[in-house]
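Printed here is upload_20.txt (compact mmCIF, N, CA and C atoms):
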```
# COMPACT_ATOMS: atom_id res chain seq x y z
N MET A 1 -18.46 54.78 -31.52
CA MET A 1 -17.36 54.19 -32.25
C MET A 1 -16.11 54.09 -31.38
N ARG A 2 -15.91 55.10 -30.54
CA ARG A 2 -14.74 55.10 -29.68
C ARG A 2 -14.79 53.94 -28.68
N ALA A 3 -15.97 53.66 -28.14
CA ALA A 3 -16.13 52.55 -27.19
C ALA A 3 -15.78 51.23 -27.86
N TYR A 4 -16.13 51.09 -29.12
CA TYR A 4 -15.79 49.88 -29.88
C TYR A 4 -14.27 49.73 -29.98
N GLY A 5 -13.59 50.82 -30.25
CA GLY A 5 -12.13 50.78 -30.37
C GLY A 5 -11.46 50.43 -29.05
N ILE A 6 -12.00 50.96 -27.95
CA ILE A 6 -11.45 50.64 -26.63
C ILE A 6 -11.65 49.16 -26.32
N SER A 7 -12.84 48.65 -26.63
CA SER A 7 -13.12 47.23 -26.38
C SER A 7 -12.21 46.32 -27.19
N VAL A 8 -12.02 46.65 -28.44
CA VAL A 8 -11.13 45.86 -29.30
C VAL A 8 -9.70 45.95 -28.79
N GLY A 9 -9.28 47.13 -28.33
CA GLY A 9 -7.94 47.29 -27.79
C GLY A 9 -7.73 46.44 -26.54
N ILE A 10 -8.72 46.42 -25.67
CA ILE A 10 -8.62 45.60 -24.46
C ILE A 10 -8.55 44.12 -24.82
N LEU A 11 -9.39 43.68 -25.73
CA LEU A 11 -9.35 42.28 -26.17
C LEU A 11 -8.02 41.93 -26.82
N ALA A 12 -7.49 42.84 -27.60
CA ALA A 12 -6.18 42.60 -28.24
C ALA A 12 -5.09 42.50 -27.18
N ALA A 13 -5.14 43.35 -26.16
CA ALA A 13 -4.14 43.29 -25.08
C ALA A 13 -4.23 41.98 -24.32
N VAL A 14 -5.45 41.52 -24.06
CA VAL A 14 -5.63 40.24 -23.37
C VAL A 14 -5.09 39.09 -24.23
N LEU A 15 -5.34 39.13 -25.52
CA LEU A 15 -4.83 38.09 -26.42
C LEU A 15 -3.30 38.10 -26.45
N VAL A 16 -2.71 39.27 -26.55
CA VAL A 16 -1.24 39.36 -26.58
C VAL A 16 -0.67 38.83 -25.28
N PHE A 17 -1.25 39.21 -24.13
CA PHE A 17 -0.75 38.71 -22.85
C PHE A 17 -0.91 37.20 -22.76
N SER A 18 -2.02 36.68 -23.23
CA SER A 18 -2.24 35.23 -23.20
C SER A 18 -1.19 34.48 -24.02
N LEU A 19 -0.89 35.01 -25.18
CA LEU A 19 0.12 34.37 -26.03
C LEU A 19 1.50 34.46 -25.40
N TRP A 20 1.83 35.63 -24.84
CA TRP A 20 3.12 35.78 -24.16
C TRP A 20 3.20 34.86 -22.95
N ASN A 21 2.13 34.78 -22.15
CA ASN A 21 2.12 33.92 -20.97
C ASN A 21 2.31 32.46 -21.35
N SER A 22 1.65 32.04 -22.40
CA SER A 22 1.79 30.66 -22.86
C SER A 22 3.24 30.36 -23.23
N SER A 23 3.85 31.27 -23.94
CA SER A 23 5.26 31.08 -24.33
C SER A 23 6.17 31.09 -23.11
N TYR A 24 5.96 32.02 -22.21
CA TYR A 24 6.77 32.11 -20.99
C TYR A 24 6.66 30.84 -20.16
N MET A 25 5.46 30.33 -19.99
CA MET A 25 5.25 29.13 -19.20
C MET A 25 5.89 27.92 -19.87
N THR A 26 5.80 27.83 -21.17
CA THR A 26 6.40 26.71 -21.89
C THR A 26 7.92 26.72 -21.74
N VAL A 27 8.53 27.89 -21.90
CA VAL A 27 9.99 28.01 -21.77
C VAL A 27 10.42 27.72 -20.33
N SER A 28 9.72 28.30 -19.37
CA SER A 28 10.10 28.11 -17.96
C SER A 28 9.97 26.67 -17.53
N THR A 29 8.84 26.04 -17.84
CA THR A 29 8.65 24.66 -17.41
C THR A 29 9.61 23.72 -18.13
N ALA A 30 9.95 24.02 -19.37
CA ALA A 30 10.93 23.19 -20.08
C ALA A 30 12.30 23.30 -19.40
N ARG A 31 12.66 24.49 -18.95
CA ARG A 31 13.93 24.69 -18.25
C ARG A 31 13.93 23.90 -16.93
N TRP A 32 12.84 24.00 -16.17
CA TRP A 32 12.77 23.27 -14.90
C TRP A 32 12.78 21.76 -15.12
N ARG A 33 12.09 21.31 -16.15
CA ARG A 33 12.07 19.87 -16.45
C ARG A 33 13.46 19.38 -16.85
N ASP A 34 14.19 20.19 -17.61
CA ASP A 34 15.56 19.82 -17.98
C ASP A 34 16.46 19.74 -16.75
N GLN A 35 16.29 20.68 -15.83
CA GLN A 35 17.07 20.65 -14.60
C GLN A 35 16.76 19.38 -13.79
N LEU A 36 15.49 19.01 -13.76
CA LEU A 36 15.09 17.80 -13.03
C LEU A 36 15.64 16.55 -13.71
N GLN A 37 15.66 16.54 -15.03
CA GLN A 37 16.23 15.42 -15.77
C GLN A 37 17.71 15.28 -15.46
N GLN A 38 18.39 16.40 -15.36
CA GLN A 38 19.82 16.39 -15.04
C GLN A 38 20.03 15.85 -13.62
N ALA A 39 19.21 16.28 -12.67
CA ALA A 39 19.32 15.79 -11.29
C ALA A 39 19.05 14.29 -11.22
N ASP A 40 18.10 13.83 -12.00
CA ASP A 40 17.78 12.40 -12.05
C ASP A 40 18.97 11.60 -12.59
N ALA A 41 19.58 12.10 -13.65
CA ALA A 41 20.75 11.41 -14.22
C ALA A 41 21.91 11.38 -13.22
N GLN A 42 22.10 12.45 -12.50
CA GLN A 42 23.16 12.49 -11.50
C GLN A 42 22.89 11.51 -10.36
N ALA A 43 21.64 11.42 -9.95
CA ALA A 43 21.29 10.47 -8.88
C ALA A 43 21.49 9.03 -9.34
N GLN A 44 21.14 8.75 -10.59
CA GLN A 44 21.32 7.40 -11.11
C GLN A 44 22.79 7.01 -11.17
N SER A 45 23.66 7.98 -11.36
CA SER A 45 25.10 7.69 -11.40
C SER A 45 25.72 7.81 -10.01
N GLU A 46 24.86 7.88 -8.99
CA GLU A 46 25.29 7.94 -7.59
C GLU A 46 26.06 9.22 -7.26
N SER A 47 25.86 10.27 -8.03
CA SER A 47 26.46 11.58 -7.75
C SER A 47 25.45 12.40 -6.96
N TRP A 48 25.20 11.97 -5.73
CA TRP A 48 24.13 12.57 -4.93
C TRP A 48 24.39 14.03 -4.60
N THR A 49 25.63 14.40 -4.34
CA THR A 49 25.92 15.80 -4.01
C THR A 49 25.55 16.70 -5.18
N GLU A 50 25.92 16.28 -6.39
CA GLU A 50 25.58 17.06 -7.58
C GLU A 50 24.08 17.05 -7.82
N ALA A 51 23.42 15.91 -7.58
CA ALA A 51 21.98 15.82 -7.76
C ALA A 51 21.25 16.77 -6.81
N VAL A 52 21.69 16.80 -5.56
CA VAL A 52 21.07 17.70 -4.59
C VAL A 52 21.30 19.16 -5.00
N ASP A 53 22.51 19.47 -5.44
CA ASP A 53 22.81 20.84 -5.87
C ASP A 53 21.98 21.25 -7.08
N THR A 54 21.86 20.34 -8.04
CA THR A 54 21.07 20.63 -9.23
C THR A 54 19.60 20.81 -8.88
N LEU A 55 19.09 19.93 -8.03
CA LEU A 55 17.70 20.02 -7.61
C LEU A 55 17.46 21.29 -6.80
N ALA A 56 18.37 21.63 -5.91
CA ALA A 56 18.24 22.86 -5.13
C ALA A 56 18.28 24.09 -6.04
N GLY A 57 19.12 24.06 -7.06
CA GLY A 57 19.17 25.16 -8.02
C GLY A 57 17.87 25.28 -8.79
N SER A 58 17.31 24.15 -9.17
CA SER A 58 16.03 24.15 -9.87
C SER A 58 14.93 24.70 -8.96
N TYR A 59 14.96 24.29 -7.70
CA TYR A 59 13.96 24.78 -6.74
C TYR A 59 14.10 26.29 -6.54
N ASP A 60 15.32 26.79 -6.47
CA ASP A 60 15.54 28.24 -6.35
C ASP A 60 15.00 28.97 -7.58
N ASP A 61 15.28 28.41 -8.76
CA ASP A 61 14.78 28.99 -10.01
C ASP A 61 13.25 29.00 -9.99
N TRP A 62 12.65 27.89 -9.58
CA TRP A 62 11.20 27.76 -9.46
C TRP A 62 10.65 28.80 -8.47
N SER A 63 11.31 28.93 -7.34
CA SER A 63 10.84 29.83 -6.28
C SER A 63 10.81 31.29 -6.73
N GLU A 64 11.73 31.67 -7.61
CA GLU A 64 11.75 33.04 -8.12
C GLU A 64 10.49 33.38 -8.91
N SER A 65 9.79 32.37 -9.41
CA SER A 65 8.59 32.59 -10.22
C SER A 65 7.30 32.40 -9.43
N GLN A 66 7.39 32.16 -8.14
CA GLN A 66 6.20 31.84 -7.34
C GLN A 66 5.12 32.91 -7.41
N THR A 67 5.47 34.16 -7.26
CA THR A 67 4.45 35.22 -7.27
C THR A 67 3.72 35.22 -8.60
N TYR A 68 4.48 35.18 -9.68
CA TYR A 68 3.86 35.18 -11.02
C TYR A 68 2.99 33.94 -11.22
N LEU A 69 3.50 32.79 -10.82
CA LEU A 69 2.75 31.55 -11.00
C LEU A 69 1.43 31.58 -10.22
N HIS A 70 1.45 32.13 -9.03
CA HIS A 70 0.22 32.20 -8.24
C HIS A 70 -0.78 33.19 -8.82
N ILE A 71 -0.31 34.13 -9.62
CA ILE A 71 -1.22 35.08 -10.25
C ILE A 71 -1.88 34.46 -11.48
N VAL A 72 -1.10 33.75 -12.30
CA VAL A 72 -1.64 33.30 -13.59
C VAL A 72 -2.08 31.84 -13.63
N ALA A 73 -1.60 31.03 -12.72
CA ALA A 73 -1.90 29.59 -12.79
C ALA A 73 -2.83 29.19 -11.64
N ARG A 74 -3.37 28.02 -11.76
CA ARG A 74 -4.22 27.48 -10.70
C ARG A 74 -3.37 27.20 -9.47
N HIS A 75 -3.85 27.65 -8.33
CA HIS A 75 -3.08 27.53 -7.09
C HIS A 75 -2.80 26.07 -6.73
N ASP A 76 -3.76 25.19 -6.93
CA ASP A 76 -3.53 23.79 -6.55
C ASP A 76 -2.44 23.15 -7.40
N THR A 77 -2.35 23.52 -8.65
CA THR A 77 -1.29 22.98 -9.51
C THR A 77 0.08 23.46 -9.06
N VAL A 78 0.18 24.73 -8.74
CA VAL A 78 1.44 25.30 -8.27
C VAL A 78 1.81 24.73 -6.91
N ASP A 79 0.83 24.62 -6.01
CA ASP A 79 1.09 24.09 -4.68
C ASP A 79 1.51 22.63 -4.73
N ASP A 80 0.90 21.85 -5.62
CA ASP A 80 1.30 20.44 -5.77
C ASP A 80 2.74 20.33 -6.24
N ALA A 81 3.12 21.17 -7.21
CA ALA A 81 4.50 21.14 -7.70
C ALA A 81 5.47 21.55 -6.59
N GLU A 82 5.09 22.53 -5.79
CA GLU A 82 5.93 22.96 -4.67
C GLU A 82 6.15 21.80 -3.70
N ALA A 83 5.08 21.08 -3.36
CA ALA A 83 5.19 19.95 -2.44
C ALA A 83 6.06 18.85 -3.05
N MET A 84 5.96 18.64 -4.35
CA MET A 84 6.78 17.62 -5.02
C MET A 84 8.25 18.00 -4.99
N TYR A 85 8.55 19.28 -5.20
CA TYR A 85 9.93 19.73 -5.09
C TYR A 85 10.48 19.42 -3.69
N ARG A 86 9.71 19.74 -2.68
CA ARG A 86 10.17 19.53 -1.30
C ARG A 86 10.37 18.04 -0.99
N ARG A 87 9.45 17.20 -1.46
CA ARG A 87 9.61 15.75 -1.25
C ARG A 87 10.84 15.24 -2.00
N ALA A 88 11.05 15.71 -3.22
CA ALA A 88 12.22 15.28 -3.99
C ALA A 88 13.51 15.69 -3.28
N LEU A 89 13.53 16.88 -2.71
CA LEU A 89 14.71 17.32 -1.96
C LEU A 89 14.94 16.43 -0.74
N ALA A 90 13.87 16.03 -0.08
CA ALA A 90 14.00 15.15 1.09
C ALA A 90 14.52 13.77 0.67
N PHE A 91 14.00 13.23 -0.43
CA PHE A 91 14.47 11.93 -0.90
C PHE A 91 15.92 12.00 -1.36
N ALA A 92 16.30 13.12 -1.97
CA ALA A 92 17.70 13.28 -2.40
C ALA A 92 18.62 13.35 -1.18
N ALA A 93 18.16 14.04 -0.14
CA ALA A 93 18.99 14.17 1.07
C ALA A 93 19.22 12.82 1.74
N THR A 94 18.23 11.93 1.64
CA THR A 94 18.37 10.60 2.26
C THR A 94 18.85 9.55 1.27
N ARG A 95 19.08 9.98 0.04
CA ARG A 95 19.59 9.10 -1.02
C ARG A 95 18.70 7.88 -1.28
N GLU A 96 17.41 8.15 -1.32
CA GLU A 96 16.41 7.12 -1.63
C GLU A 96 16.16 7.17 -3.14
N LEU A 97 16.91 6.38 -3.88
CA LEU A 97 16.89 6.48 -5.34
C LEU A 97 15.51 6.20 -5.93
N THR A 98 14.87 5.12 -5.52
CA THR A 98 13.59 4.76 -6.10
C THR A 98 12.54 5.85 -5.86
N GLU A 99 12.44 6.30 -4.61
CA GLU A 99 11.47 7.34 -4.29
C GLU A 99 11.82 8.66 -4.96
N PHE A 100 13.12 8.97 -4.99
CA PHE A 100 13.57 10.19 -5.64
C PHE A 100 13.19 10.20 -7.11
N ARG A 101 13.47 9.12 -7.79
CA ARG A 101 13.17 9.04 -9.23
C ARG A 101 11.67 9.12 -9.49
N ALA A 102 10.88 8.48 -8.63
CA ALA A 102 9.42 8.53 -8.79
C ALA A 102 8.91 9.97 -8.59
N GLU A 103 9.44 10.63 -7.57
CA GLU A 103 9.01 12.01 -7.29
C GLU A 103 9.43 12.95 -8.40
N ILE A 104 10.64 12.79 -8.90
CA ILE A 104 11.13 13.62 -10.01
C ILE A 104 10.25 13.40 -11.25
N SER A 105 9.90 12.16 -11.51
CA SER A 105 9.04 11.86 -12.65
C SER A 105 7.67 12.52 -12.50
N ASP A 106 7.10 12.41 -11.32
CA ASP A 106 5.80 13.05 -11.07
C ASP A 106 5.90 14.57 -11.19
N LEU A 107 6.99 15.13 -10.68
CA LEU A 107 7.18 16.58 -10.74
C LEU A 107 7.34 17.05 -12.18
N ARG A 108 8.09 16.32 -12.96
CA ARG A 108 8.25 16.69 -14.37
C ARG A 108 6.90 16.66 -15.09
N ASP A 109 6.08 15.66 -14.77
CA ASP A 109 4.75 15.59 -15.37
C ASP A 109 3.86 16.74 -14.88
N GLN A 110 3.97 17.08 -13.62
CA GLN A 110 3.19 18.21 -13.08
C GLN A 110 3.58 19.51 -13.77
N LEU A 111 4.86 19.71 -14.02
CA LEU A 111 5.31 20.91 -14.71
C LEU A 111 4.83 20.93 -16.16
N ARG A 112 4.80 19.76 -16.78
CA ARG A 112 4.26 19.67 -18.14
C ARG A 112 2.79 20.07 -18.15
N LEU A 113 2.04 19.60 -17.15
CA LEU A 113 0.62 19.95 -17.06
C LEU A 113 0.44 21.44 -16.79
N LEU A 114 1.32 22.02 -16.00
CA LEU A 114 1.25 23.45 -15.72
C LEU A 114 1.38 24.25 -17.00
N ALA A 115 2.34 23.89 -17.83
CA ALA A 115 2.51 24.58 -19.12
C ALA A 115 1.32 24.32 -20.03
N GLU A 116 0.82 23.10 -20.00
CA GLU A 116 -0.31 22.74 -20.87
C GLU A 116 -1.57 23.53 -20.51
N THR A 117 -1.81 23.75 -19.23
CA THR A 117 -3.01 24.48 -18.84
C THR A 117 -2.94 25.96 -19.20
N GLU A 118 -1.75 26.48 -19.41
CA GLU A 118 -1.60 27.88 -19.78
C GLU A 118 -1.52 28.08 -21.30
N ARG A 119 -1.51 26.99 -22.04
CA ARG A 119 -1.42 27.06 -23.50
C ARG A 119 -2.75 27.54 -24.07
N LEU A 120 -2.69 28.41 -25.03
CA LEU A 120 -3.89 28.92 -25.67
C LEU A 120 -4.30 27.95 -26.78
N ASP A 121 -5.26 27.08 -26.46
CA ASP A 121 -5.81 26.19 -27.46
C ASP A 121 -7.29 25.99 -27.18
N ILE A 122 -7.98 25.34 -28.09
CA ILE A 122 -9.43 25.21 -28.01
C ILE A 122 -9.87 24.45 -26.76
N LYS A 123 -9.07 23.47 -26.33
CA LYS A 123 -9.42 22.69 -25.13
C LYS A 123 -9.43 23.58 -23.89
N ASN A 124 -8.50 24.50 -23.80
CA ASN A 124 -8.44 25.39 -22.64
C ASN A 124 -9.46 26.52 -22.71
N VAL A 125 -9.87 26.88 -23.90
CA VAL A 125 -10.88 27.95 -24.04
C VAL A 125 -12.24 27.44 -23.59
N PHE A 126 -12.56 26.21 -23.97
CA PHE A 126 -13.87 25.67 -23.59
C PHE A 126 -13.70 24.79 -22.38
```

Now that the file is in, can you turn its structure into structure tokens?
Amino acid sequence: MRAYGISVGILAAVLVFSLWNSSYMTVSTARWRDQLQQADAQAQSESWTEAVDTLAGSYDDWSESQTYLHIVARHDTVDDAEAMYRRALAFAATRELTEFRAEISDLRDQLRLLAETERLDIKNVF
């Protein structure tokens, strides 16, 4: 009977962590996506200095979560988002609006997918 209780406790802990992780990823990616949206709006208004600062701040915020992201998320998804951040920073530095906006759009979608893959739903279970 005791082994049954331990097994149920472990399963309950895994479920609680999964639910917490899903919430954490949703909140974090929404914050990063909002930061990217702000940088995009600044670039469209030709406020490149502010756009670069906003994007750099978002990248710093993203970088603080790298260890955790590499533990819980698929490495290729995280690595792709990292590369997109770097390309967006390069486009912002050269003030390439079209390429910058395309990269920001792709990055926002990648972050949405990152949160979606960590969501606890039937599609992700099977």

Starting from 4 Å padding per side, set up an axis-aligned box that covers all listed atoms of segment 22-34 of chain A and hand over centre and edge lengths in Å, one decimal, as JSON.
```
{"center_x": 9.1, "center_y": 25.7, "center_z": -19.6, "size_x": 22.8, "size_y": 20.7, "size_z": 17.4}
```

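A straight line drawn from atom CA of Ala30 of chain A to atom C of Thr94 of chain A is 26.5 Å long.
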
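The shortest atom-to-atom distance to Arg101 of chain A, with only N, CA and C atoms taken into account, belongs to A:Ala88 out of A:Leu114, A:Ala56, A:Ala88, A:Val78.
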
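Within 10 Å of the point (5.4, 20.4, -14.5) in file coordinates, and counting only C-alpha atoms, lie the residues Met25, Thr26, Ser28, Thr29, Ala30, Trp32, Arg33, Thr77, Val78, Asp80, Ala81, Met84, Ile104, Ser105, Asp106, Leu107, Arg108, Asp109, Gln110, Leu111, Arg112, Leu113, Leu114, Ala115 and Glu116 of chain A.
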
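Counting from atom C of Thr54 of chain A, the distance to atom N of Gln66 of chain A is 16.7 Å.
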
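Within 10 Å of Arg95 of chain A, once only C-alpha atoms are used and residues closer than 6 positions along the same chain are dropped, the contacting residues are Ala43, Glu46, Ser47, Trp48, Thr49, Ala51, Val52 and Leu89 of chain A.
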
Distance atom N of Gln42 of chain A-atom CA of Leu55 of chain A, one decimal place? 10.0 Å

Can segment 21-32 of chain A be brought up to all heavy atoms and written out as a PDB file, keeping the file's coordinate frame?
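rebuild-v9.pdb, written as the output of this step:
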```
ATOM      1  N   ASN A  21       2.130  34.780 -22.150  1.00  0.00           N
ATOM      2  CA  ASN A  21       2.120  33.920 -20.970  1.00  0.00           C
ATOM      3  C   ASN A  21       2.310  32.460 -21.350  1.00  0.00           C
ATOM      4  O   ASN A  21       3.057  31.735 -20.696  1.00  0.00           O
ATOM      5  CB  ASN A  21       0.812  34.106 -20.202  1.00  0.00           C
ATOM      6  CG  ASN A  21       0.760  33.259 -18.963  1.00  0.00           C
ATOM      7  OD1 ASN A  21       1.583  33.383 -18.071  1.00  0.00           O
ATOM      8  ND2 ASN A  21      -0.208  32.352 -18.917  1.00  0.00           N
ATOM      9  N   SER A  22       1.650  32.040 -22.400  1.00  0.00           N
ATOM     10  CA  SER A  22       1.790  30.660 -22.860  1.00  0.00           C
ATOM     11  C   SER A  22       3.240  30.360 -23.230  1.00  0.00           C
ATOM     12  O   SER A  22       3.790  29.314 -22.836  1.00  0.00           O
ATOM     13  CB  SER A  22       0.876  30.417 -24.060  1.00  0.00           C
ATOM     14  OG  SER A  22       1.059  29.136 -24.579  1.00  0.00           O
ATOM     15  N   SER A  23       3.850  31.270 -23.940  1.00  0.00           N
ATOM     16  CA  SER A  23       5.260  31.080 -24.330  1.00  0.00           C
ATOM     17  C   SER A  23       6.170  31.090 -23.110  1.00  0.00           C
ATOM     18  O   SER A  23       7.060  30.233 -22.983  1.00  0.00           O
ATOM     19  CB  SER A  23       5.664  32.192 -25.296  1.00  0.00           C
ATOM     20  OG  SER A  23       7.030  32.123 -25.589  1.00  0.00           O
ATOM     21  N   TYR A  24       5.960  32.020 -22.210  1.00  0.00           N
ATOM     22  CA  TYR A  24       6.770  32.110 -20.990  1.00  0.00           C
ATOM     23  C   TYR A  24       6.660  30.840 -20.160  1.00  0.00           C
ATOM     24  O   TYR A  24       7.670  30.316 -19.675  1.00  0.00           O
ATOM     25  CB  TYR A  24       6.338  33.328 -20.170  1.00  0.00           C
ATOM     26  CG  TYR A  24       7.057  33.443 -18.844  1.00  0.00           C
ATOM     27  CD1 TYR A  24       8.340  33.970 -18.787  1.00  0.00           C
ATOM     28  CD2 TYR A  24       6.464  33.015 -17.664  1.00  0.00           C
ATOM     29  CE1 TYR A  24       9.017  34.076 -17.584  1.00  0.00           C
ATOM     30  CE2 TYR A  24       7.121  33.105 -16.461  1.00  0.00           C
ATOM     31  CZ  TYR A  24       8.392  33.640 -16.419  1.00  0.00           C
ATOM     32  OH  TYR A  24       9.064  33.722 -15.227  1.00  0.00           O
ATOM     33  N   MET A  25       5.460  30.330 -19.990  1.00  0.00           N
ATOM     34  CA  MET A  25       5.250  29.130 -19.200  1.00  0.00           C
ATOM     35  C   MET A  25       5.890  27.920 -19.870  1.00  0.00           C
ATOM     36  O   MET A  25       6.474  27.064 -19.197  1.00  0.00           O
ATOM     37  CB  MET A  25       3.762  28.890 -18.962  1.00  0.00           C
ATOM     38  CG  MET A  25       3.126  29.943 -18.082  1.00  0.00           C
ATOM     39  SD  MET A  25       3.793  29.979 -16.423  1.00  0.00           S
ATOM     40  CE  MET A  25       2.932  28.603 -15.740  1.00  0.00           C
ATOM     41  N   THR A  26       5.800  27.830 -21.170  1.00  0.00           N
ATOM     42  CA  THR A  26       6.400  26.710 -21.890  1.00  0.00           C
ATOM     43  C   THR A  26       7.920  26.720 -21.740  1.00  0.00           C
ATOM     44  O   THR A  26       8.535  25.698 -21.436  1.00  0.00           O
ATOM     45  CB  THR A  26       6.012  26.762 -23.383  1.00  0.00           C
ATOM     46  OG1 THR A  26       4.582  26.647 -23.482  1.00  0.00           O
ATOM     47  CG2 THR A  26       6.667  25.643 -24.166  1.00  0.00           C
ATOM     48  N   VAL A  27       8.530  27.890 -21.900  1.00  0.00           N
ATOM     49  CA  VAL A  27       9.990  28.010 -21.770  1.00  0.00           C
ATOM     50  C   VAL A  27      10.420  27.720 -20.330  1.00  0.00           C
ATOM     51  O   VAL A  27      11.389  26.988 -20.095  1.00  0.00           O
ATOM     52  CB  VAL A  27      10.457  29.406 -22.239  1.00  0.00           C
ATOM     53  CG1 VAL A  27      11.895  29.677 -21.853  1.00  0.00           C
ATOM     54  CG2 VAL A  27      10.269  29.553 -23.738  1.00  0.00           C
ATOM     55  N   SER A  28       9.720  28.300 -19.370  1.00  0.00           N
ATOM     56  CA  SER A  28      10.100  28.110 -17.960  1.00  0.00           C
ATOM     57  C   SER A  28       9.970  26.670 -17.530  1.00  0.00           C
ATOM     58  O   SER A  28      10.876  26.110 -16.906  1.00  0.00           O
ATOM     59  CB  SER A  28       9.228  28.999 -17.065  1.00  0.00           C
ATOM     60  OG  SER A  28       9.474  30.357 -17.311  1.00  0.00           O
ATOM     61  N   THR A  29       8.840  26.040 -17.840  1.00  0.00           N
ATOM     62  CA  THR A  29       8.650  24.660 -17.410  1.00  0.00           C
ATOM     63  C   THR A  29       9.610  23.720 -18.130  1.00  0.00           C
ATOM     64  O   THR A  29      10.068  22.740 -17.535  1.00  0.00           O
ATOM     65  CB  THR A  29       7.192  24.190 -17.586  1.00  0.00           C
ATOM     66  OG1 THR A  29       6.791  24.362 -18.944  1.00  0.00           O
ATOM     67  CG2 THR A  29       6.254  24.961 -16.665  1.00  0.00           C
ATOM     68  N   ALA A  30       9.950  24.020 -19.370  1.00  0.00           N
ATOM     69  CA  ALA A  30      10.930  23.190 -20.080  1.00  0.00           C
ATOM     70  C   ALA A  30      12.300  23.300 -19.400  1.00  0.00           C
ATOM     71  O   ALA A  30      12.999  22.286 -19.240  1.00  0.00           O
ATOM     72  CB  ALA A  30      11.035  23.618 -21.542  1.00  0.00           C
ATOM     73  N   ARG A  31      12.660  24.490 -18.950  1.00  0.00           N
ATOM     74  CA  ARG A  31      13.930  24.690 -18.250  1.00  0.00           C
ATOM     75  C   ARG A  31      13.930  23.900 -16.930  1.00  0.00           C
ATOM     76  O   ARG A  31      14.883  23.186 -16.630  1.00  0.00           O
ATOM     77  CB  ARG A  31      14.158  26.183 -17.992  1.00  0.00           C
ATOM     78  CG  ARG A  31      15.492  26.485 -17.325  1.00  0.00           C
ATOM     79  CD  ARG A  31      15.703  27.977 -17.087  1.00  0.00           C
ATOM     80  NE  ARG A  31      14.763  28.519 -16.120  1.00  0.00           N
ATOM     81  CZ  ARG A  31      13.795  29.402 -16.398  1.00  0.00           C
ATOM     82  NH1 ARG A  31      13.643  29.854 -17.629  1.00  0.00           N
ATOM     83  NH2 ARG A  31      12.994  29.853 -15.462  1.00  0.00           N
ATOM     84  N   TRP A  32      12.840  24.000 -16.170  1.00  0.00           N
ATOM     85  CA  TRP A  32      12.770  23.270 -14.900  1.00  0.00           C
ATOM     86  C   TRP A  32      12.780  21.760 -15.120  1.00  0.00           C
ATOM     87  O   TRP A  32      13.425  21.027 -14.386  1.00  0.00           O
ATOM     88  CB  TRP A  32      11.520  23.679 -14.119  1.00  0.00           C
ATOM     89  CG  TRP A  32      11.500  25.124 -13.727  1.00  0.00           C
ATOM     90  CD1 TRP A  32      12.581  25.881 -13.323  1.00  0.00           C
ATOM     91  CD2 TRP A  32      10.376  25.990 -13.704  1.00  0.00           C
ATOM     92  NE1 TRP A  32      12.173  27.171 -13.055  1.00  0.00           N
ATOM     93  CE2 TRP A  32      10.832  27.263 -13.276  1.00  0.00           C
ATOM     94  CE3 TRP A  32       9.028  25.833 -14.003  1.00  0.00           C
ATOM     95  CZ2 TRP A  32       9.975  28.352 -13.124  1.00  0.00           C
ATOM     96  CZ3 TRP A  32       8.179  26.914 -13.856  1.00  0.00           C
ATOM     97  CH2 TRP A  32       8.661  28.152 -13.430  1.00  0.00           C
TER      98      TRP A  32
END
```
